[in-house]
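Here's the structure, in structure tokens; my notes come after.
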Protein chains: 2
Amino acid sequence: VPPAPDQITVAVDANGADQGPGEVAKAAAEAAASGVRVRVFGPRDELGDAPEGVEFIDAPVSVAKMPNPTRAVRSTPEASIVQAATDVAEGRSHALVCGGSTGAALAAGLLHIRRSPGIHRPALALPLPLPAGTVLLLDCGANTEARPEHLVQFAYMGSAFSRAVLGVENPKVALLSNGEEPERGTDLVVNAHRELADRTGLNFIGNVEGTTLTEAVADVVVADGFSGNLALKLLEGGVSMMLGALRDAAVSSPRAKVGALLMRPAVYGIRDQLDPERTAGAYLLGLRRPLVVFHGRFSQRGIAEAIRVAQRAVVEHVIERTSQALEAAGAMRDGGDAAAATSNVSP
Amino acid sequence: VPPAPDQITVAVDANGADQGPGEVAKAAAEAAASGVRVRVFGPRDELGDAPEGVEFIDAPVSVAKMPNPTRAVRSTPEASIVQAATDVAEGRSHALVCGGSTGAALAAGLLHIRRSPGIHRPALALPLPLPAGTVLLLDCGANTEARPEHLVQFAYMGSAFSRAVLGVENPKVALLSNGEEPERGTDLVVNAHRELADRTGLNFIGNVEGTTLTEAVADVVVADGFSGNLALKLLEGGVSMMLGALRDAAVSSPRAKVGALLMRPAVYGIRDQLDPERTAGAYLLGLRRPLVVFHGRFSQRGIAEAIRVAQRAVVEHVIERTSQALEAAGAMRDGGDAAAATSNVSP
């Protein structure tokens, strides 16, 4: 029996925000005010007084300050991110929120929360808030290389998440490739395309290119982690290049300066539309419990949204719905995962 | 002995422009007026009268109108693009310019002009005219998959071209990856990185991501054809998304409308800066003679520039300089290419 929404507890690592643990404490208070229970792991003396619905657990050791955060997760059981992940693994919390290094989040998730049975590999999914609509891109870099069966699972994982958490009715799912035709792409993409075209329970619309991705013709775009990360960074680079060119254009003449002043609210609208803080961060899909990774740059608003989204993922049974969809489509990993099957994770 | 600049002849396929053979004929006249000899292959009756320095050769059959232009090149010897490529192969012209399908251009180049000795594979190189500087991206899609030795050759091919044709003194060359560190990327990228770090005669600066690519930290960015094409399309998509959002913002309120009117010249400046027509098109590097592929959308101006650039590639000995650089670096294909070595190509 799943917990009632107001009984859902989210474990939060306070050490991953650029603005420090105090910002995370404020975000936890904001989320708690809207009905989430939060357990914050960080340096007790920097967190202040715990507000209603929030518990502070003293965990001053931060992997964020270590040279290799990913490796540090393995060797530092007292680190706040490991403490928070263990809290989820042992059932005291239902979901994990951490910030900064996605490598550290991935390591903590894999080691302590562990893969969901039947899942080959977790994937990092990022909702891109584009003017034409939100596009969930996965994998954005959890795995560098992939096999066709991984992309097939990513498609189901992304579709279930888009439906459950982003509220898209029948998400259109596409593969990222260098052409729309089914025969375009690397062997990986061509084979994944063939497999996806044959599967049920998925609204697979074929391939998208970068130009159609930005037009949001698909709700979910699937790629291996290398290509997905390239795509994400190119899009970020392109947007920031255009905003920079626009800033330069705005001071290029007295006439342009006046024009820029008048257009400012409208241009701020574009910038706000594209602001990643609006969409709470990235999601590590394919684990036994929801894991949300907020960007280190995020302020209170974005971190609070990450906590609320983690709660929503529990309420909406994202993980159970993903497993059911994979099972029904016959896309589960053969034999499941022996280690996972004997796991003591059972909140 | 190379021909004098005003003796250089460029063969042009007139059937690849969306605006029709007449537009190509006008471009040929414009290029001829600046001192290039041009041989135009197309439907004689649509080309008008041949101006000074231009020859029209009747070749009415167009692969552009066939369902699969790439395959049509193999089976249609009378096609204008095949006629033009043969003109180069047989030494009547020194370089080829065609438009529209890069697949057809690649097929015509490989079959008739053929690979330069010691080259594994040709690569499609595109200069991106970004606000921070021009970045030559290759391979943009001539090959979907690649091996590390291909990327190594692409680096030398791009560097030689950037130096000879784009006039960059000591081009900074980078690999496109999902992180700056040498150990980031697929096996392909990591291995190519290791090989490039050890080679001489190249200003190799390491990896770039999408965000640093757009800041033009490198003059030449090397990728396999799948990743390069993804990057190109994402950047195109991002730019057109921003211009679209800006158009919407410009009509979002009476105040913004006035502002947009005042800012219009400055915003047109951005658009013109990014206009691909300025940089003449894509270059198929690694063949025995220069091949420039203009975008089907191009008008007279862009096509004329493509012809002038093809001439410049001959004047500047791009192909010889590439071979010398590869030879000096020990990056030639083992044993060269027997078929190529006995070729009758010798203008």
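In the structure tokens, chains take letters A, B, ... by order of appearance, with residues numbered from 1 within each chain and ligands from 1 in the order shown.
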Skip Asn178 in chain A itself and residues of its chain fewer than 5 positions away, then list as a list in words all residues within 7 Å of it, counting only C-alpha atoms.
->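 Near neighbours after the sequence-gap exclusion: Arg184, Gly185 and Glu209 of chain A; Phe226, Asn229 and Leu230 of chain B.
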So that I have them on file, write out the residues from the current selection with all heavy atoms, as a compact mmCIF listing (two decimals), in the first residue's frame.
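Below is the file selection-v5.txt, written as the result:
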# COMPACT_ATOMS: atom_id res chain seq x y z
N ARG A 184 18.18 5.67 -41.42
CA ARG A 184 19.22 6.64 -41.10
C ARG A 184 19.76 6.42 -39.69
O ARG A 184 19.01 6.08 -38.79
CB ARG A 184 18.68 8.08 -41.22
CG ARG A 184 18.33 8.48 -42.63
CD ARG A 184 19.55 8.51 -43.55
NE ARG A 184 20.46 9.58 -43.22
CZ ARG A 184 20.34 10.82 -43.67
NH1 ARG A 184 19.37 11.14 -44.48
NH2 ARG A 184 21.22 11.74 -43.34
N GLY A 185 21.05 6.64 -39.53
CA GLY A 185 21.65 6.56 -38.20
C GLY A 185 22.73 5.51 -38.09
O GLY A 185 23.02 4.79 -39.06
N GLU A 209 15.53 14.71 -35.91
CA GLU A 209 16.84 15.35 -36.00
C GLU A 209 16.84 16.53 -35.04
O GLU A 209 15.80 16.88 -34.47
CB GLU A 209 17.07 15.88 -37.41
CG GLU A 209 16.97 14.85 -38.49
CD GLU A 209 17.30 15.49 -39.83
OE1 GLU A 209 18.49 15.61 -40.16
OE2 GLU A 209 16.36 15.88 -40.55
N PHE B 226 27.95 10.97 -37.72
CA PHE B 226 26.67 10.96 -37.00
C PHE B 226 26.64 12.09 -35.98
O PHE B 226 25.72 12.90 -35.96
CB PHE B 226 26.48 9.59 -36.32
CG PHE B 226 25.18 9.47 -35.56
CD1 PHE B 226 23.99 9.26 -36.23
CD2 PHE B 226 25.15 9.56 -34.18
CE1 PHE B 226 22.79 9.14 -35.54
CE2 PHE B 226 23.96 9.44 -33.48
CZ PHE B 226 22.77 9.23 -34.16
N ASN B 229 26.75 15.59 -37.60
CA ASN B 229 25.47 15.96 -38.18
C ASN B 229 24.46 16.32 -37.09
O ASN B 229 23.73 17.31 -37.21
CB ASN B 229 24.94 14.81 -39.05
CG ASN B 229 23.81 15.25 -39.94
OD1 ASN B 229 22.66 15.25 -39.51
ND2 ASN B 229 24.10 15.66 -41.15
N LEU B 230 24.45 15.55 -35.99
CA LEU B 230 23.59 15.89 -34.84
C LEU B 230 23.90 17.30 -34.36
O LEU B 230 22.99 18.10 -34.14
CB LEU B 230 23.86 14.95 -33.67
CG LEU B 230 23.21 13.59 -33.58
CD1 LEU B 230 23.45 13.00 -32.19
CD2 LEU B 230 21.73 13.66 -33.87
Got a sec: who's within 8 Å of Ile303 in chain B, counting only C-alpha atoms, leaving out chain neighbours fewer than 3 positions off, as number ranges by chain?
-> B: 24, 27-28, 280, 294, 298-300, 306-307
Residue neighbourhood Leu124 in chain A, 6 Å, only C-alpha atoms, exclusion window fewer than 5 positions, as a list in words = Leu138, Asp139, Cys140, Ala142, Tyr283 and Leu284 of chain A
Restricting the output to N, CA, C and O atoms, write the selected residues as an mmCIF file, in the first residue's frame.
data_model
loop_
_atom_site.group_PDB
_atom_site.id
_atom_site.type_symbol
_atom_site.label_atom_id
_atom_site.label_comp_id
_atom_site.auth_asym_id
_atom_site.auth_seq_id
_atom_site.Cartn_x
_atom_site.Cartn_y
_atom_site.Cartn_z
ATOM 1 N N LEU A 138 16.410 11.839 -23.019
ATOM 2 C CA LEU A 138 17.163 10.861 -22.241
ATOM 3 C C LEU A 138 17.860 9.890 -23.183
ATOM 4 O O LEU A 138 17.358 9.699 -24.282
ATOM 5 N N ASP A 139 18.998 9.431 -22.902
ATOM 6 C CA ASP A 139 19.858 9.610 -21.779
ATOM 7 C C ASP A 139 20.759 10.842 -22.004
ATOM 8 O O ASP A 139 21.351 10.966 -23.071
ATOM 9 N N CYS A 140 20.832 11.711 -21.022
ATOM 10 C CA CYS A 140 21.689 12.897 -21.150
ATOM 11 C C CYS A 140 23.092 12.654 -20.631
ATOM 12 O O CYS A 140 23.843 13.624 -20.455
ATOM 13 N N ALA A 142 24.102 9.419 -18.426
ATOM 14 C CA ALA A 142 24.386 8.433 -17.378
ATOM 15 C C ALA A 142 25.307 7.339 -17.911
ATOM 16 O O ALA A 142 26.173 6.848 -17.201
ATOM 17 N N TYR A 283 16.278 13.755 -13.981
ATOM 18 C CA TYR A 283 15.745 12.603 -13.273
ATOM 19 C C TYR A 283 16.576 11.401 -13.621
ATOM 20 O O TYR A 283 16.838 11.157 -14.798
ATOM 21 N N LEU A 284 16.983 10.663 -12.608
ATOM 22 C CA LEU A 284 17.692 9.426 -12.877
ATOM 23 C C LEU A 284 16.651 8.315 -12.865
ATOM 24 O O LEU A 284 16.159 7.924 -11.797
#
As a ChimeraX atom specification, please: all residues of range 41-178 of chain B that backbone DSSP puts in strand (DSSP E).
-> /B:41-42,54-58,95-99,123-130,133-138,172-176
Provide the CA of Arg37 in chain B to CA of Val88 in chain B distance in Å, to one decimal place.
->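 CA of Val88 in chain B lies 13.1 Å from CA of Arg37 in chain B.
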Write out as a tab-separated table a residue-level contact list of chain A versus chain B with cut-off 8 Å: for each qualifying residue the closest pair of atoms and the distance in Å to one decimal, counting only C-alpha atoms, rows sorted by chain and residue number upward.
residue	atom	partner	partner_atom	distance
A:Pro131	CA	B:Ala245	CA	7.0
A:Thr144	CA	B:Thr186	CA	6.0
A:Glu145	CA	B:Thr186	CA	6.4
A:Ser177	CA	B:Leu230	CA	7.0
A:Asn178	CA	B:Leu230	CA	5.8
A:Gly185	CA	B:Thr144	CA	6.6
A:Thr186	CA	B:Thr144	CA	6.0
A:Glu209	CA	B:Lys233	CA	6.6
A:Gly210	CA	B:Leu234	CA	4.0
A:Thr211	CA	B:Gly237	CA	4.1
A:Thr212	CA	B:Gly237	CA	7.2
A:Leu213	CA	B:Gly237	CA	7.6
A:Thr214	CA	B:Gly237	CA	5.6
A:Glu215	CA	B:Met241	CA	7.4
A:Phe226	CA	B:Asn178	CA	6.1
A:Ser227	CA	B:Ser227	CA	6.8
A:Asn229	CA	B:Asn178	CA	6.0
A:Leu230	CA	B:Asn178	CA	5.8
A:Ala231	CA	B:Leu234	CA	6.3
A:Leu232	CA	B:Gly210	CA	7.8
A:Lys233	CA	B:Gly210	CA	4.6
A:Leu234	CA	B:Gly210	CA	4.0
A:Leu235	CA	B:Gly238	CA	5.6
A:Glu236	CA	B:Thr211	CA	6.4
A:Gly237	CA	B:Thr211	CA	4.1
A:Gly238	CA	B:Gly238	CA	5.4
A:Val239	CA	B:Gly238	CA	6.1
A:Met241	CA	B:Thr214	CA	6.6
A:Met242	CA	B:Val239	CA	6.9
A:Ala245	CA	B:Ile270	CA	6.7
A:Leu246	CA	B:Val267	CA	7.2
A:Ala249	CA	B:Ala266	CA	5.2
A:Ala250	CA	B:Met263	CA	7.2
A:Ser252	CA	B:Ala266	CA	7.1
A:Arg255	CA	B:Leu262	CA	5.9
A:Ala256	CA	B:Met263	CA	4.6
A:Lys257	CA	B:Met263	CA	7.7
A:Val258	CA	B:Gly259	CA	6.9
A:Gly259	CA	B:Gly259	CA	3.7
A:Ala260	CA	B:Gly259	CA	6.1
A:Leu261	CA	B:Gly259	CA	7.2
A:Leu262	CA	B:Gly259	CA	4.7
A:Met263	CA	B:Ala256	CA	4.6
A:Arg264	CA	B:Ala256	CA	7.9
A:Ala266	CA	B:Ala249	CA	5.1
A:Val267	CA	B:Ala249	CA	6.6
A:Gly269	CA	B:Ala249	CA	8.0
A:Ile270	CA	B:Ala245	CA	6.6
Please give the complete set of residues from range 33-252 of chain B that DSSP, run on the backbone, assigns to helix (DSSP H, G or I), formatted as a compact mmCIF listing (two decimals) with N, CA and C atoms, in the first residue's frame.
# COMPACT_ATOMS: atom_id res chain seq x y z
N ALA B 33 33.13 36.83 -63.86
CA ALA B 33 33.49 38.26 -63.87
C ALA B 33 34.63 38.54 -62.89
N ARG B 44 20.49 23.05 -71.52
CA ARG B 44 20.97 24.16 -72.34
C ARG B 44 19.92 25.25 -72.53
N ASP B 45 18.66 24.81 -72.74
CA ASP B 45 17.61 25.80 -73.06
C ASP B 45 17.16 26.61 -71.85
N GLU B 46 17.58 26.21 -70.63
CA GLU B 46 17.20 26.99 -69.45
C GLU B 46 18.36 27.86 -68.97
N VAL B 63 19.65 14.26 -61.39
CA VAL B 63 19.38 13.25 -60.36
C VAL B 63 18.53 13.84 -59.24
N ALA B 64 18.51 15.17 -59.13
CA ALA B 64 17.78 15.83 -58.05
C ALA B 64 16.30 15.48 -58.09
N LYS B 65 15.78 15.20 -59.29
CA LYS B 65 14.35 14.89 -59.40
C LYS B 65 14.07 13.40 -59.25
N PRO B 69 18.68 10.16 -55.16
CA PRO B 69 19.76 10.80 -55.93
C PRO B 69 21.10 10.08 -55.79
N THR B 70 21.37 9.55 -54.59
CA THR B 70 22.65 8.88 -54.37
C THR B 70 22.77 7.66 -55.28
N ARG B 71 21.71 6.84 -55.30
CA ARG B 71 21.75 5.65 -56.14
C ARG B 71 21.74 6.03 -57.62
N ALA B 72 21.02 7.11 -57.95
CA ALA B 72 20.89 7.53 -59.35
C ALA B 72 22.26 7.89 -59.95
N VAL B 73 23.17 8.40 -59.10
CA VAL B 73 24.50 8.76 -59.60
C VAL B 73 25.19 7.55 -60.21
N ARG B 74 25.00 6.38 -59.59
CA ARG B 74 25.67 5.17 -60.06
C ARG B 74 25.10 4.68 -61.39
N SER B 75 23.80 4.91 -61.60
CA SER B 75 23.13 4.29 -62.75
C SER B 75 22.80 5.28 -63.86
N SER B 80 23.66 15.35 -65.11
CA SER B 80 24.54 16.52 -65.15
C SER B 80 25.63 16.46 -64.09
N ILE B 81 25.31 15.94 -62.89
CA ILE B 81 26.33 15.89 -61.85
C ILE B 81 27.44 14.89 -62.21
N VAL B 82 27.07 13.79 -62.87
CA VAL B 82 28.06 12.80 -63.29
C VAL B 82 28.91 13.39 -64.42
N GLN B 83 28.27 14.10 -65.35
CA GLN B 83 28.99 14.75 -66.44
C GLN B 83 30.01 15.76 -65.89
N ALA B 84 29.58 16.53 -64.91
CA ALA B 84 30.47 17.54 -64.33
C ALA B 84 31.63 16.88 -63.58
N ALA B 85 31.32 15.81 -62.82
CA ALA B 85 32.38 15.10 -62.08
C ALA B 85 33.37 14.47 -63.04
N THR B 86 32.87 13.92 -64.13
CA THR B 86 33.74 13.30 -65.13
C THR B 86 34.64 14.35 -65.78
N ASP B 87 34.09 15.54 -65.98
CA ASP B 87 34.86 16.65 -66.54
C ASP B 87 36.10 16.94 -65.66
N VAL B 88 35.89 16.86 -64.34
CA VAL B 88 37.00 17.07 -63.40
C VAL B 88 37.95 15.88 -63.46
N ALA B 89 37.38 14.67 -63.44
CA ALA B 89 38.21 13.46 -63.45
C ALA B 89 39.09 13.40 -64.68
N THR B 102 23.80 16.13 -50.62
CA THR B 102 25.21 15.83 -50.34
C THR B 102 25.50 14.37 -50.62
N GLY B 103 24.48 13.51 -50.51
CA GLY B 103 24.67 12.09 -50.83
C GLY B 103 25.07 11.92 -52.28
N ALA B 104 24.38 12.62 -53.19
CA ALA B 104 24.70 12.54 -54.62
C ALA B 104 26.10 13.11 -54.88
N ALA B 105 26.44 14.21 -54.21
CA ALA B 105 27.77 14.80 -54.38
C ALA B 105 28.85 13.84 -53.92
N LEU B 106 28.60 13.18 -52.77
CA LEU B 106 29.56 12.22 -52.24
C LEU B 106 29.74 11.05 -53.20
N ALA B 107 28.62 10.53 -53.73
CA ALA B 107 28.70 9.41 -54.66
C ALA B 107 29.46 9.80 -55.93
N ALA B 108 29.13 10.97 -56.49
CA ALA B 108 29.81 11.43 -57.71
C ALA B 108 31.30 11.65 -57.44
N GLY B 109 31.62 12.20 -56.28
CA GLY B 109 33.01 12.44 -55.92
C GLY B 109 33.78 11.15 -55.76
N LEU B 110 33.20 10.19 -55.01
CA LEU B 110 33.90 8.93 -54.75
C LEU B 110 34.08 8.11 -56.02
N LEU B 111 33.03 8.08 -56.87
CA LEU B 111 33.07 7.25 -58.07
C LEU B 111 33.95 7.84 -59.16
N HIS B 112 33.89 9.16 -59.32
CA HIS B 112 34.53 9.75 -60.50
C HIS B 112 35.78 10.55 -60.17
N ILE B 113 35.76 11.36 -59.11
CA ILE B 113 36.97 12.11 -58.76
C ILE B 113 37.88 11.24 -57.91
N PRO B 148 39.03 5.50 -35.07
CA PRO B 148 39.93 6.57 -34.60
C PRO B 148 40.85 7.11 -35.69
N GLU B 149 41.38 6.24 -36.58
CA GLU B 149 42.29 6.72 -37.62
C GLU B 149 41.57 7.64 -38.61
N HIS B 150 40.25 7.47 -38.75
CA HIS B 150 39.50 8.40 -39.60
C HIS B 150 39.47 9.78 -38.95
N LEU B 151 39.17 9.81 -37.65
CA LEU B 151 39.10 11.11 -36.97
C LEU B 151 40.47 11.80 -37.00
N VAL B 152 41.54 11.03 -36.89
CA VAL B 152 42.89 11.60 -36.96
C VAL B 152 43.08 12.27 -38.34
N GLN B 153 42.69 11.59 -39.40
CA GLN B 153 42.82 12.19 -40.73
C GLN B 153 41.92 13.42 -40.87
N PHE B 154 40.70 13.34 -40.34
CA PHE B 154 39.80 14.49 -40.44
C PHE B 154 40.45 15.71 -39.80
N ALA B 155 41.18 15.49 -38.70
CA ALA B 155 41.83 16.60 -38.00
C ALA B 155 42.85 17.28 -38.93
N TYR B 156 43.66 16.49 -39.62
CA TYR B 156 44.65 17.06 -40.54
C TYR B 156 43.98 17.69 -41.75
N MET B 157 42.94 17.03 -42.27
CA MET B 157 42.23 17.56 -43.44
C MET B 157 41.59 18.91 -43.10
N GLY B 158 40.96 18.98 -41.93
CA GLY B 158 40.30 20.22 -41.52
C GLY B 158 41.31 21.32 -41.25
N SER B 159 42.42 20.96 -40.63
CA SER B 159 43.45 21.94 -40.31
C SER B 159 44.04 22.54 -41.59
N ALA B 160 44.37 21.67 -42.55
CA ALA B 160 44.94 22.15 -43.82
C ALA B 160 43.95 23.06 -44.55
N PHE B 161 42.68 22.69 -44.53
CA PHE B 161 41.67 23.48 -45.22
C PHE B 161 41.47 24.83 -44.54
N SER B 162 41.42 24.81 -43.21
CA SER B 162 41.21 26.05 -42.45
C SER B 162 42.34 27.03 -42.73
N ARG B 163 43.56 26.50 -42.79
CA ARG B 163 44.74 27.32 -43.06
C ARG B 163 44.70 27.86 -44.49
N ALA B 164 44.50 26.95 -45.46
CA ALA B 164 44.65 27.32 -46.87
C ALA B 164 43.47 28.15 -47.37
N ASP B 187 34.57 5.22 -26.72
CA ASP B 187 35.88 4.62 -27.00
C ASP B 187 36.50 5.29 -28.22
N LEU B 188 35.68 5.55 -29.24
CA LEU B 188 36.16 6.19 -30.46
C LEU B 188 36.85 7.52 -30.15
N VAL B 189 36.18 8.35 -29.38
CA VAL B 189 36.71 9.70 -29.10
C VAL B 189 37.95 9.61 -28.20
N VAL B 190 37.89 8.74 -27.19
CA VAL B 190 39.02 8.60 -26.26
C VAL B 190 40.26 8.12 -27.02
N ASN B 191 40.07 7.14 -27.91
CA ASN B 191 41.21 6.63 -28.67
C ASN B 191 41.74 7.66 -29.66
N ALA B 192 40.84 8.36 -30.32
CA ALA B 192 41.28 9.41 -31.26
C ALA B 192 42.02 10.51 -30.50
N HIS B 193 41.53 10.84 -29.32
CA HIS B 193 42.19 11.86 -28.49
C HIS B 193 43.63 11.44 -28.19
N ARG B 194 43.80 10.19 -27.77
CA ARG B 194 45.13 9.69 -27.42
C ARG B 194 46.06 9.78 -28.65
N GLU B 195 45.54 9.37 -29.81
CA GLU B 195 46.36 9.40 -31.02
C GLU B 195 46.72 10.83 -31.42
N LEU B 196 45.74 11.74 -31.32
CA LEU B 196 45.99 13.12 -31.75
C LEU B 196 46.98 13.82 -30.81
N ALA B 197 46.91 13.47 -29.52
CA ALA B 197 47.80 14.12 -28.55
C ALA B 197 49.26 13.81 -28.86
N ASP B 198 49.51 12.67 -29.54
CA ASP B 198 50.89 12.24 -29.81
C ASP B 198 51.42 12.73 -31.14
N GLY B 210 29.47 21.02 -26.72
CA GLY B 210 28.60 21.92 -27.48
C GLY B 210 28.70 23.37 -27.02
N THR B 211 28.79 23.54 -25.69
CA THR B 211 28.81 24.90 -25.16
C THR B 211 30.10 25.64 -25.52
N THR B 212 31.22 24.91 -25.60
CA THR B 212 32.48 25.58 -25.97
C THR B 212 32.63 25.66 -27.49
N LEU B 213 32.01 24.73 -28.21
CA LEU B 213 32.00 24.83 -29.68
C LEU B 213 31.39 26.17 -30.10
N GLY B 225 30.64 11.28 -38.48
CA GLY B 225 29.58 11.91 -39.26
C GLY B 225 28.23 11.95 -38.57
N PHE B 226 27.95 10.97 -37.72
CA PHE B 226 26.67 10.96 -37.00
C PHE B 226 26.64 12.09 -35.98
N SER B 227 27.69 12.16 -35.15
CA SER B 227 27.74 13.19 -34.10
C SER B 227 27.84 14.58 -34.71
N GLY B 228 28.64 14.72 -35.77
CA GLY B 228 28.80 16.02 -36.41
C GLY B 228 27.50 16.51 -37.00
N ASN B 229 26.75 15.59 -37.60
CA ASN B 229 25.47 15.96 -38.18
C ASN B 229 24.46 16.32 -37.09
N LEU B 230 24.45 15.55 -35.99
CA LEU B 230 23.59 15.89 -34.84
C LEU B 230 23.90 17.30 -34.36
N ALA B 231 25.18 17.57 -34.18
CA ALA B 231 25.61 18.87 -33.64
C ALA B 231 25.14 20.00 -34.55
N LEU B 232 25.37 19.83 -35.85
CA LEU B 232 24.98 20.84 -36.83
C LEU B 232 23.48 21.11 -36.78
N LYS B 233 22.68 20.05 -36.76
CA LYS B 233 21.23 20.20 -36.79
C LYS B 233 20.70 20.78 -35.47
N LEU B 234 21.33 20.41 -34.35
CA LEU B 234 20.91 20.97 -33.06
C LEU B 234 21.18 22.47 -33.02
N LEU B 235 22.34 22.85 -33.57
CA LEU B 235 22.69 24.26 -33.58
C LEU B 235 21.74 25.02 -34.50
N GLU B 236 21.49 24.47 -35.68
CA GLU B 236 20.51 25.08 -36.60
C GLU B 236 19.15 25.19 -35.92
N GLY B 237 18.75 24.10 -35.26
CA GLY B 237 17.46 24.09 -34.59
C GLY B 237 17.39 25.13 -33.48
N GLY B 238 18.48 25.23 -32.70
CA GLY B 238 18.52 26.20 -31.61
C GLY B 238 18.45 27.63 -32.11
N VAL B 239 19.19 27.92 -33.19
CA VAL B 239 19.19 29.27 -33.75
C VAL B 239 17.80 29.61 -34.30
N SER B 240 17.21 28.68 -35.03
CA SER B 240 15.92 29.01 -35.64
C SER B 240 14.83 29.09 -34.56
N MET B 241 14.96 28.28 -33.49
CA MET B 241 14.04 28.39 -32.36
C MET B 241 14.11 29.77 -31.71
N MET B 242 15.34 30.29 -31.54
CA MET B 242 15.51 31.60 -30.91
C MET B 242 15.00 32.72 -31.81
N LEU B 243 15.27 32.61 -33.13
CA LEU B 243 14.77 33.64 -34.04
C LEU B 243 13.25 33.63 -34.07
N GLY B 244 12.66 32.43 -34.00
CA GLY B 244 11.20 32.31 -33.96
C GLY B 244 10.62 32.93 -32.69
N ALA B 245 11.26 32.63 -31.54
CA ALA B 245 10.79 33.18 -30.27
C ALA B 245 10.88 34.70 -30.30
N LEU B 246 11.93 35.19 -30.96
CA LEU B 246 12.14 36.63 -31.05
C LEU B 246 11.06 37.28 -31.93
N ARG B 247 10.71 36.59 -33.02
CA ARG B 247 9.63 37.09 -33.88
C ARG B 247 8.32 37.15 -33.10
N ASP B 248 8.05 36.11 -32.30
CA ASP B 248 6.82 36.11 -31.49
C ASP B 248 6.86 37.22 -30.45
N ALA B 249 8.04 37.39 -29.83
CA ALA B 249 8.18 38.43 -28.80
C ALA B 249 7.94 39.81 -29.42
N ALA B 250 8.35 39.97 -30.68
CA ALA B 250 8.27 41.27 -31.35
C ALA B 250 6.83 41.72 -31.62
Within 8 Å of Gly281 in chain A, counting only C-alpha atoms, which residues qualify if same-chain residues fewer than 6 places away don't, as number ranges by chain?
-> A: 126-127, 292-295, 302, 306
Within 7 Å of Ala329 in chain A, counting only C-alpha atoms, which residues qualify if same-chain residues fewer than 4 places away don't, as a list in words?
->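 With the cut-off at 7 Å, the set is Arg199, Thr200, Gly201 and Ala325 of chain A.
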Between A:Glu181, A:Asp219, A:Glu327, A:Asp224, which is the closest to Gly206 in chain A once you count only C-alpha atoms?
->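 Answer, going by the shortest atom-to-atom distance: A:Glu181.
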Between CA of Ala25 in chain B and CA of Pro51 in chain B - distance in Å to one decimal |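 So the two atoms, CA of Pro51 in chain B and CA of Ala25 in chain B, lie 9.0 Å apart.
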Selection: 8 Å around range 90-96 of chain A, only C-alpha atoms, excl. self and same-chain fewer than 4 positions, as a list in words | Ile8, Thr9, Val10, Ala11, Val12, Arg39, Ala84, Ala85, Thr86, Arg289, Pro290, Leu291, Val292, Ala310, Gln311, Val314, Asn344, Val345, Ser346 and Pro347 of chain A
Writing out the chosen residues with C-alpha atoms as a PDB file, in the first residue's frame:
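Saved the output as again.pdb:
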ATOM      1  CA  ILE A   8       5.712  10.858   1.593  1.00  0.00           C
ATOM      2  CA  THR A   9       9.208  11.687   2.759  1.00  0.00           C
ATOM      3  CA  VAL A  10      11.974  13.001   0.491  1.00  0.00           C
ATOM      4  CA  ALA A  11      15.653  12.746   1.503  1.00  0.00           C
ATOM      5  CA  VAL A  12      17.695  15.746   0.370  1.00  0.00           C
ATOM      6  CA  ARG A  39      14.762  14.935   5.650  1.00  0.00           C
ATOM      7  CA  ALA A  84      20.623  10.459   2.148  1.00  0.00           C
ATOM      8  CA  ALA A  85      20.697   7.579  -0.385  1.00  0.00           C
ATOM      9  CA  THR A  86      20.943   5.040   2.463  1.00  0.00           C
ATOM     10  CA  ARG A 289      13.092   4.830  -5.983  1.00  0.00           C
ATOM     11  CA  PRO A 290      12.815   8.250  -7.667  1.00  0.00           C
ATOM     12  CA  LEU A 291      16.008  10.309  -7.808  1.00  0.00           C
ATOM     13  CA  VAL A 292      15.981  13.979  -8.887  1.00  0.00           C
ATOM     14  CA  ALA A 310      10.229  13.744  -6.330  1.00  0.00           C
ATOM     15  CA  GLN A 311       7.056  13.528  -4.226  1.00  0.00           C
ATOM     16  CA  VAL A 314       6.115   8.601  -5.694  1.00  0.00           C
ATOM     17  CA  ASN A 344      16.184  -5.438   1.394  1.00  0.00           C
ATOM     18  CA  VAL A 345      14.728  -2.240  -0.117  1.00  0.00           C
ATOM     19  CA  SER A 346      11.066  -2.174   0.901  1.00  0.00           C
ATOM     20  CA  PRO A 347       9.739   1.133   2.202  1.00  0.00           C
TER      21      PRO A 347
END
Go ahead and compute the interatomic distance for CA of Gly330 in chain B and CA of Glu183 in chain B, in Å to one decimal.
->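 CA of Gly330 in chain B sits 24.0 Å away from CA of Glu183 in chain B.
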Selection: 6 Å around Leu287 in chain A, only C-alpha atoms, excl. self and same-chain fewer than 3 positions, as a list in words |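 What passes the distance filter is Arg114, Arg115 and Ser116 of chain A.
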Could those selected residues go to a file with N, CA, C and O atoms, as an mmCIF file, in the first residue's frame?
data_model
loop_
_atom_site.group_PDB
_atom_site.id
_atom_site.type_symbol
_atom_site.label_atom_id
_atom_site.label_comp_id
_atom_site.auth_asym_id
_atom_site.auth_seq_id
_atom_site.Cartn_x
_atom_site.Cartn_y
_atom_site.Cartn_z
ATOM 1 N N ARG A 114 19.870 1.317 -5.947
ATOM 2 C CA ARG A 114 19.983 0.209 -6.908
ATOM 3 C C ARG A 114 18.940 0.215 -8.031
ATOM 4 O O ARG A 114 17.895 0.831 -7.941
ATOM 5 N N ARG A 115 19.342 -0.493 -9.088
ATOM 6 C CA ARG A 115 18.472 -0.581 -10.255
ATOM 7 C C ARG A 115 17.159 -1.274 -9.936
ATOM 8 O O ARG A 115 17.127 -2.211 -9.141
ATOM 9 N N SER A 116 16.135 -0.868 -10.614
ATOM 10 C CA SER A 116 14.839 -1.518 -10.552
ATOM 11 C C SER A 116 14.979 -2.892 -11.220
ATOM 12 O O SER A 116 15.706 -3.017 -12.203
#
